[in-house]
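Heads up: the structure comes next, in structure tokens.
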Amino acid sequence: MTNTTIITALPIGEIDTDVVRSEFESIMGVFKNLGLDLFVADPVSDVESGRRSVEKLSKRNPDLLLLIPLRGLSAQIIETAILTSHSPCLVCPVQGRFALPSSTLAIGAVQESEVPLELLFAPPDHPDFIKRLRCITATARAFSRIRRSRIGVIGGLFPNLVSCRYDPNIVSSKLGTTLVPISFKEIRNVIRSRADGMNNVEQLQREITASYKIDTTDLNALEAGIQLHLALKQVAVEQKIDGFATECWSGFPRELGLNPCIGFIEDAYTLACEGDVMLCISLLLVRYLIGTGTYVGDLYDLDMDGILTLVHCGAPASLGSNKEEIVVSKSQLAQERGFETITCRPRLENGPVTLFRFYGWECDKLHLAFGELLVSELSPNLSVKVKLNGNRWDFLEQCFGNHYIMVAGDIRSELKLLGKWLGITIFET
């Protein structure tokens with residue numbers, strides 16, 4: 001699934017003066033400068049033309065429908081376009097000519113509909129216009145992509161994750177995400193029958209050992225991990241899987257003798273541990289919002305100064321700014337549990353971070369926080385320490401699970417807008 005954001009645009013009214021043309025082109029120019037795939041339809045001036053144009057534009061599967069009212073007396077056309085759209089809508093009226101009141105009338109008329117909808121009205125060259133536009137387009141991409149995503153569920157939910165239970169039917173109806181059960185037998189069969197055999201395994205092993213420092217005693221475990229990783233890549237391609245929720249601490253060691261942590265060495269698919277489907281959805285949302293993977297950790301400690309410690313086996317290698325500081329080696333925790341597996345542990349850069357946890361039997365809650373990453377430690381696990389901006393007691397009030405996602409930078413605005421569109425209640429601490 002491509003990360004390119006697809007925007008379709010429909011001007012409503014007439015481009016009948018130089019002033020209107022200049023306003024319209026200014027709005028279009030901002031979108032073009034954001035590097036989006038933009039498809040602009042001819043202007044429409046009546047309800048039926050608006051409906052037909054939106055239906056035609058919908059065939060492009062856009063992430064966002066942009067409506068640009070060019071004049072007043074256009075509320076019915078705007079309303080019809082919104083209700084016809086299968087995508088989130090952004091209404092961006094030109095300045096003057098009573099385009100704004102027609103826009104607000106139309107938006108008021110469709111408030112009870114389920115179409116995600118935003119109004120953006122400001123001079124197109126104003127920094128706040130551009131900032132808001134970036135937020136809306138990123139959120140639209142995440143909204144549309146999560147509704148088309150497919151998650152491969154391998155094994156079950158780790159028994160200890162009692163607050164992470166989920167109903168596949170609710171996941172599908174609430175988010176549109178499809179859960180695809182994949183058996184361990186299927187994975188074993190793919191490993192045994194891979195047409196490229198050991199050639200691709202040896203090639204990737206050479207690439208990894210050339211890029212990272214690998215202890216010679218870890219090479220057998222690395223080879224086994226690569227075989228599993230390439231099998232998951234194949235399944236992802238064949239079944240159009242965007243991410244896997246894997247029973248990594250119980251099912252994988254029992255059935256395959258290792259877990260899939262070496263998959264973090266590439267960004268070929270999103271990987272969530274312990275069968276936590278809600279975690280996999282969260283990781284996919286981040287990938288659709290910002291275009292990269294991210295770190296997820298187990299809630300381990302929160303001291304009296306508000307320093308939060310998260311611990312996990314590994315994270316995507318792409319998060320490490322310096323390859324020489326990425327540790328690729330056996331997991332000590334796995335060895336303590338009686339099996340060998342290779343993990344990837346990049347050093348994460350200090351700075352502002354967004355923390356969140358998406359949860360709830362109804363897929364309708366999200367705990368959100370902000371802080372600063374102070375340090376990341378690579379041994380024996382990948383652990384981070386984050387100074388929370390908010391009150392530690394408020395944070396604890398909203399802790400209802402173990403997995404928290406940590407994203408570099410501030411994506412709170414995007415998550416809040418996404419929550420609004422998806423009907424998710426945000427608890428920010």
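Residue numbering restarts at 1 for every chain of the structure tokens, chains are lettered A, B, ... in their displayed order, and ligands are numbered from 1 as they appear.
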Using only C-alpha atoms, which residues of stretch 217-307 of chain A come within 7 Å of stretch 133-143 of chain A, and what is the closest atom pair for each, with the distance in Å to one decimal? Give it as CSV, sorted by chain and residue number.
```
residue,atom,partner,partner_atom,distance
A:Leu285,CA,A:Ala142,CA,5.7
A:Tyr288,CA,A:Ala142,CA,4.6
A:Leu289,CA,A:Ala138,CA,5.2
```
Open item on the list: Using DSSP secondary structure from the backbone, list all helix (DSSP H, G or I) positions within stretch 3-78 of chain A, as a PyMOL selection string.
Closed with: chain A and resi 18-33+47-58+75-78
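Closest approach to A:Ile6 among A:Ala75, A:Asp364, A:Arg145, A:Ala122: A:Arg145, based on only C-alpha atoms.
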TODO: Find the residues near A:Glu372: any atom within 9 Å, counting only C-alpha atoms, skip ones fewer than 4 places away on the same chain, and give them as number ranges by chain.
DONE: A: 350-354, 385-389
Output for the residues just chosen: N, CA, C and O atoms as an mmCIF file, in the first residue's frame:
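The new file out_17.cif reads:
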```cif
data_model
loop_
_atom_site.group_PDB
_atom_site.id
_atom_site.type_symbol
_atom_site.label_atom_id
_atom_site.label_comp_id
_atom_site.auth_asym_id
_atom_site.auth_seq_id
_atom_site.Cartn_x
_atom_site.Cartn_y
_atom_site.Cartn_z
ATOM 1 N N ASN A 350 17.277 11.309 21.322
ATOM 2 C CA ASN A 350 16.599 12.053 22.370
ATOM 3 C C ASN A 350 15.787 13.195 21.770
ATOM 4 O O ASN A 350 16.089 13.696 20.681
ATOM 5 N N GLY A 351 14.765 13.613 22.507
ATOM 6 C CA GLY A 351 13.966 14.739 22.055
ATOM 7 C C GLY A 351 12.494 14.538 22.372
ATOM 8 O O GLY A 351 12.102 13.565 23.044
ATOM 9 N N PRO A 352 11.633 15.447 21.900
ATOM 10 C CA PRO A 352 10.193 15.360 22.176
ATOM 11 C C PRO A 352 9.586 14.090 21.573
ATOM 12 O O PRO A 352 9.937 13.689 20.464
ATOM 13 N N VAL A 353 8.676 13.483 22.319
ATOM 14 C CA VAL A 353 8.019 12.265 21.839
ATOM 15 C C VAL A 353 6.540 12.280 22.222
ATOM 16 O O VAL A 353 6.147 12.873 23.231
ATOM 17 N N THR A 354 5.739 11.633 21.385
ATOM 18 C CA THR A 354 4.325 11.407 21.675
ATOM 19 C C THR A 354 4.159 9.972 22.127
ATOM 20 O O THR A 354 4.693 9.048 21.515
ATOM 21 N N LYS A 385 13.823 5.922 28.599
ATOM 22 C CA LYS A 385 13.336 6.712 29.726
ATOM 23 C C LYS A 385 12.801 8.024 29.179
ATOM 24 O O LYS A 385 13.505 8.737 28.468
ATOM 25 N N VAL A 386 11.549 8.315 29.524
ATOM 26 C CA VAL A 386 10.856 9.495 29.018
ATOM 27 C C VAL A 386 10.373 10.334 30.186
ATOM 28 O O VAL A 386 9.726 9.807 31.105
ATOM 29 N N LYS A 387 10.691 11.625 30.158
ATOM 30 C CA LYS A 387 10.160 12.556 31.162
ATOM 31 C C LYS A 387 8.800 13.046 30.684
ATOM 32 O O LYS A 387 8.682 13.714 29.670
ATOM 33 N N LEU A 388 7.761 12.680 31.429
ATOM 34 C CA LEU A 388 6.415 13.076 31.055
ATOM 35 C C LEU A 388 6.207 14.566 31.289
ATOM 36 O O LEU A 388 6.656 15.115 32.296
ATOM 37 N N ASN A 389 5.491 15.208 30.366
ATOM 38 C CA ASN A 389 5.139 16.614 30.549
ATOM 39 C C ASN A 389 4.019 16.784 31.564
ATOM 40 O O ASN A 389 3.965 17.772 32.297
#
```
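Compared by their closest atoms to A:Cys261, and using only C-alpha atoms, the residues A:Cys399, A:Leu299, A:Val328, A:Ile214 rank with A:Val328 nearest.
The closest residue to A:Leu228, picked from A:Ile342, A:Ile107, A:Val296, A:Leu308 and counting only C-alpha atoms, is A:Ile342.
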Open item on the list: Applying 12 Å and only C-alpha atoms, which residues near A:Gln95 remain after dropping the ones on its own chain fewer than 5 positions away? List them as a VMD selection string.
Closed with: chain A and resid 19 to 24 26 to 27 68 to 72 100 to 101 103 120 to 124
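In this comparison, which uses only C-alpha atoms, the residue of A:Arg347, A:Arg194, A:Arg150, A:Arg188 approaching A:Thr270 most closely is A:Arg150.
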- [ ] Could you find all residues in stretch 152-331 of chain A that DSSP calls strand (DSSP E) from the backbone, and write them as a ChimeraX atom specification?
- [x] /A:152-154,178-182,243-246,270-272,295-302,307-312,327-330
Can you write just those residues out, N, CA, C and O atoms, as a short mmCIF file (atom, residue, chain, number, x, y, z; two decimals), in the first residue's frame?
```
data_model
loop_
_atom_site.label_atom_id
_atom_site.label_comp_id
_atom_site.auth_asym_id
_atom_site.auth_seq_id
_atom_site.Cartn_x
_atom_site.Cartn_y
_atom_site.Cartn_z
N GLY A 152 -2.48 -9.87 9.51
CA GLY A 152 -2.36 -11.30 9.69
C GLY A 152 -2.20 -11.64 11.16
O GLY A 152 -1.29 -11.14 11.82
N VAL A 153 -3.09 -12.45 11.69
CA VAL A 153 -3.06 -12.85 13.10
C VAL A 153 -2.51 -14.25 13.19
O VAL A 153 -3.16 -15.22 12.75
N ILE A 154 -1.30 -14.35 13.74
CA ILE A 154 -0.63 -15.65 13.84
C ILE A 154 -0.61 -16.07 15.30
O ILE A 154 0.08 -15.48 16.13
N THR A 178 -9.37 -5.59 8.23
CA THR A 178 -9.65 -7.01 8.08
C THR A 178 -8.60 -7.83 8.83
O THR A 178 -7.40 -7.61 8.65
N LEU A 179 -9.04 -8.75 9.66
CA LEU A 179 -8.13 -9.65 10.38
C LEU A 179 -8.10 -10.99 9.66
O LEU A 179 -9.15 -11.60 9.40
N VAL A 180 -6.90 -11.44 9.33
CA VAL A 180 -6.72 -12.67 8.55
C VAL A 180 -6.02 -13.72 9.41
O VAL A 180 -4.82 -13.59 9.69
N PRO A 181 -6.72 -14.76 9.87
CA PRO A 181 -6.05 -15.81 10.66
C PRO A 181 -5.04 -16.55 9.80
O PRO A 181 -5.34 -16.95 8.68
N ILE A 182 -3.85 -16.73 10.34
CA ILE A 182 -2.78 -17.46 9.64
C ILE A 182 -2.23 -18.49 10.62
O ILE A 182 -1.81 -18.14 11.73
N GLY A 243 0.35 -5.84 8.20
CA GLY A 243 1.03 -6.04 9.48
C GLY A 243 0.64 -7.38 10.07
O GLY A 243 -0.37 -7.99 9.70
N PHE A 244 1.47 -7.85 11.00
CA PHE A 244 1.21 -9.11 11.69
C PHE A 244 1.09 -8.88 13.19
O PHE A 244 1.90 -8.16 13.78
N ALA A 245 0.07 -9.50 13.78
CA ALA A 245 -0.03 -9.60 15.23
C ALA A 245 0.38 -11.02 15.59
O ALA A 245 -0.30 -11.98 15.22
N THR A 246 1.51 -11.17 16.27
CA THR A 246 2.14 -12.49 16.43
C THR A 246 2.19 -12.91 17.90
O THR A 246 2.55 -12.11 18.77
N THR A 270 4.61 -4.45 9.10
CA THR A 270 4.53 -3.98 10.49
C THR A 270 4.40 -5.19 11.39
O THR A 270 3.65 -6.13 11.08
N LEU A 271 5.10 -5.16 12.50
CA LEU A 271 5.17 -6.32 13.39
C LEU A 271 4.75 -5.92 14.80
O LEU A 271 5.31 -5.01 15.40
N ALA A 272 3.71 -6.59 15.30
CA ALA A 272 3.23 -6.36 16.67
C ALA A 272 3.33 -7.65 17.46
O ALA A 272 3.04 -8.73 16.94
N TYR A 295 8.72 2.87 17.81
CA TYR A 295 9.05 2.03 18.97
C TYR A 295 7.80 1.77 19.80
O TYR A 295 6.98 2.67 20.00
N VAL A 296 7.67 0.54 20.27
CA VAL A 296 6.64 0.21 21.23
C VAL A 296 7.30 -0.48 22.40
O VAL A 296 8.22 -1.29 22.22
N GLY A 297 6.90 -0.12 23.61
CA GLY A 297 7.52 -0.71 24.79
C GLY A 297 6.50 -1.13 25.83
O GLY A 297 5.37 -0.65 25.87
N ASP A 298 6.93 -2.07 26.68
CA ASP A 298 6.12 -2.46 27.83
C ASP A 298 6.28 -1.43 28.94
O ASP A 298 7.40 -1.01 29.26
N LEU A 299 5.16 -1.05 29.52
CA LEU A 299 5.18 -0.16 30.68
C LEU A 299 5.93 -0.87 31.81
O LEU A 299 5.51 -1.92 32.28
N TYR A 300 7.07 -0.31 32.22
CA TYR A 300 7.93 -1.00 33.19
C TYR A 300 8.00 -0.26 34.52
O TYR A 300 7.93 -0.86 35.60
N ASP A 301 8.17 1.07 34.47
CA ASP A 301 8.32 1.83 35.72
C ASP A 301 7.93 3.28 35.48
O ASP A 301 8.04 3.80 34.36
N LEU A 302 7.46 3.94 36.54
CA LEU A 302 7.18 5.37 36.52
C LEU A 302 7.57 5.92 37.89
O LEU A 302 6.89 5.67 38.88
N ILE A 307 9.45 10.12 35.48
CA ILE A 307 10.29 9.47 34.47
C ILE A 307 9.70 8.09 34.18
O ILE A 307 9.66 7.22 35.06
N LEU A 308 9.22 7.92 32.96
CA LEU A 308 8.60 6.67 32.53
C LEU A 308 9.64 5.79 31.85
O LEU A 308 10.38 6.25 30.98
N THR A 309 9.69 4.52 32.26
CA THR A 309 10.58 3.55 31.63
C THR A 309 9.76 2.54 30.84
O THR A 309 8.83 1.93 31.37
N LEU A 310 10.08 2.42 29.56
CA LEU A 310 9.47 1.41 28.69
C LEU A 310 10.56 0.43 28.26
O LEU A 310 11.69 0.84 27.98
N VAL A 311 10.22 -0.85 28.18
CA VAL A 311 11.19 -1.89 27.84
C VAL A 311 10.60 -2.79 26.76
O VAL A 311 9.42 -3.15 26.81
N HIS A 312 11.43 -3.15 25.79
CA HIS A 312 10.96 -4.05 24.74
C HIS A 312 12.15 -4.80 24.15
O HIS A 312 13.31 -4.41 24.34
N VAL A 327 22.32 -2.73 17.65
CA VAL A 327 22.73 -4.04 18.15
C VAL A 327 21.84 -5.11 17.53
O VAL A 327 20.61 -5.05 17.65
N VAL A 328 22.45 -6.06 16.85
CA VAL A 328 21.74 -7.22 16.30
C VAL A 328 22.35 -8.44 16.96
O VAL A 328 23.47 -8.84 16.64
N SER A 329 21.63 -9.01 17.91
CA SER A 329 22.18 -10.13 18.67
C SER A 329 21.06 -10.93 19.32
O SER A 329 19.89 -10.55 19.24
N LYS A 330 21.43 -12.03 19.96
CA LYS A 330 20.45 -12.87 20.64
C LYS A 330 19.77 -12.10 21.77
O LYS A 330 20.38 -11.27 22.45
#
```
Find the residues around A:Leu83 up to 10 Å (only C-alpha atoms counted), leave out those fewer than 2 positions away in its own chain, and share them as a CSV table (one decimal) with all heavy atoms, in the first residue's frame.
```csv
chain,number,residue,atom,x,y,z
A,51,ARG,N,-22.9,15.7,-8.0
A,51,ARG,CA,-22.9,14.3,-7.7
A,51,ARG,C,-22.2,13.5,-8.6
A,51,ARG,O,-21.4,12.6,-8.3
A,51,ARG,CB,-24.4,13.9,-7.6
A,51,ARG,CG,-24.6,12.4,-7.2
A,51,ARG,CD,-26.0,11.9,-7.4
A,51,ARG,NE,-26.8,12.5,-6.4
A,51,ARG,CZ,-27.7,13.4,-6.4
A,51,ARG,NH1,-27.9,13.8,-7.0
A,51,ARG,NH2,-28.4,13.9,-5.6
A,54,VAL,N,-18.3,13.8,-8.2
A,54,VAL,CA,-17.8,13.2,-7.0
A,54,VAL,C,-17.8,11.7,-7.2
A,54,VAL,O,-16.8,11.0,-6.9
A,54,VAL,CB,-18.6,13.5,-5.8
A,54,VAL,CG1,-18.2,12.7,-4.6
A,54,VAL,CG2,-18.4,15.0,-5.4
A,78,ILE,N,-22.6,21.8,-2.3
A,78,ILE,CA,-21.6,21.3,-1.3
A,78,ILE,C,-22.1,20.1,-0.5
A,78,ILE,O,-21.5,19.1,-0.3
A,78,ILE,CB,-21.2,22.5,-0.4
A,78,ILE,CG1,-20.6,23.6,-1.2
A,78,ILE,CG2,-20.2,22.0,0.6
A,78,ILE,CD1,-20.5,24.9,-0.4
A,79,GLU,N,-23.4,20.3,0.0
A,79,GLU,CA,-24.0,19.2,0.8
A,79,GLU,C,-24.1,17.9,0.0
A,79,GLU,O,-23.7,16.8,0.5
A,79,GLU,CB,-25.4,19.7,1.2
A,79,GLU,CG,-26.2,18.6,1.9
A,79,GLU,CD,-27.7,19.0,2.1
A,79,GLU,OE1,-28.2,19.8,1.2
A,79,GLU,OE2,-28.3,18.5,3.0
A,80,THR,N,-24.5,18.0,-1.3
A,80,THR,CA,-24.6,16.8,-2.1
A,80,THR,C,-23.2,16.1,-2.3
A,80,THR,O,-23.1,14.9,-2.2
A,80,THR,CB,-25.3,17.1,-3.4
A,80,THR,OG1,-26.6,17.6,-3.2
A,80,THR,CG2,-25.3,15.9,-4.3
A,81,ALA,N,-22.2,17.0,-2.6
A,81,ALA,CA,-20.9,16.4,-2.8
A,81,ALA,C,-20.4,15.7,-1.6
A,81,ALA,O,-19.8,14.6,-1.6
A,81,ALA,CB,-19.9,17.6,-3.2
A,85,SER,N,-19.6,11.5,-1.2
A,85,SER,CA,-18.2,11.1,-1.1
A,85,SER,C,-18.1,9.8,-0.2
A,85,SER,O,-18.8,9.7,0.8
A,85,SER,CB,-17.4,12.2,-0.5
A,85,SER,OG,-16.1,11.8,-0.3
A,86,HIS,N,-17.1,9.0,-0.6
A,86,HIS,CA,-16.8,7.8,0.2
A,86,HIS,C,-15.5,8.1,1.0
A,86,HIS,O,-15.0,7.3,1.8
A,86,HIS,CB,-16.5,6.6,-0.7
A,86,HIS,CG,-17.7,6.2,-1.5
A,86,HIS,ND1,-18.9,5.8,-1.0
A,86,HIS,CD2,-17.9,6.2,-2.9
A,86,HIS,CE1,-19.7,5.5,-1.9
A,86,HIS,NE2,-19.1,5.7,-3.1
A,87,SER,N,-15.0,9.3,0.9
A,87,SER,CA,-13.7,9.7,1.5
A,87,SER,C,-13.9,10.9,2.5
A,87,SER,O,-15.0,11.6,2.4
A,87,SER,CB,-12.7,10.1,0.5
A,87,SER,OG,-12.5,9.2,-0.5
A,89,CYS,N,-13.8,14.6,3.8
A,89,CYS,CA,-13.9,15.8,2.9
A,89,CYS,C,-13.3,17.0,3.6
A,89,CYS,O,-13.4,17.2,4.9
A,89,CYS,CB,-15.4,16.1,2.7
A,89,CYS,SG,-16.2,14.8,1.7
A,110,VAL,N,-25.0,18.5,7.3
A,110,VAL,CA,-24.5,17.1,7.3
A,110,VAL,C,-23.8,16.6,8.6
A,110,VAL,O,-23.2,15.6,8.6
A,110,VAL,CB,-23.5,16.9,6.1
A,110,VAL,CG1,-24.2,17.2,4.8
A,110,VAL,CG2,-22.3,17.7,6.2
A,113,SER,N,-24.2,13.1,9.6
A,113,SER,CA,-23.7,12.0,8.7
A,113,SER,C,-22.4,11.5,9.3
A,113,SER,O,-21.8,12.1,10.2
A,113,SER,CB,-23.5,12.5,7.3
A,113,SER,OG,-22.3,13.4,7.3
A,114,GLU,N,-22.0,10.4,8.8
A,114,GLU,CA,-20.7,9.7,9.3
A,114,GLU,C,-19.5,10.1,8.4
A,114,GLU,O,-18.4,9.6,8.6
A,114,GLU,CB,-20.9,8.2,9.3
A,114,GLU,CG,-22.0,7.8,10.3
A,114,GLU,CD,-22.1,6.3,10.3
A,114,GLU,OE1,-21.4,5.6,9.6
A,114,GLU,OE2,-22.9,5.8,11.2
A,115,VAL,N,-19.7,11.1,7.5
A,115,VAL,CA,-18.5,11.5,6.7
A,115,VAL,C,-17.6,12.4,7.5
A,115,VAL,O,-18.0,13.4,8.0
A,115,VAL,CB,-19.0,12.2,5.4
A,115,VAL,CG1,-17.9,12.7,4.6
A,115,VAL,CG2,-20.0,11.4,4.6
```
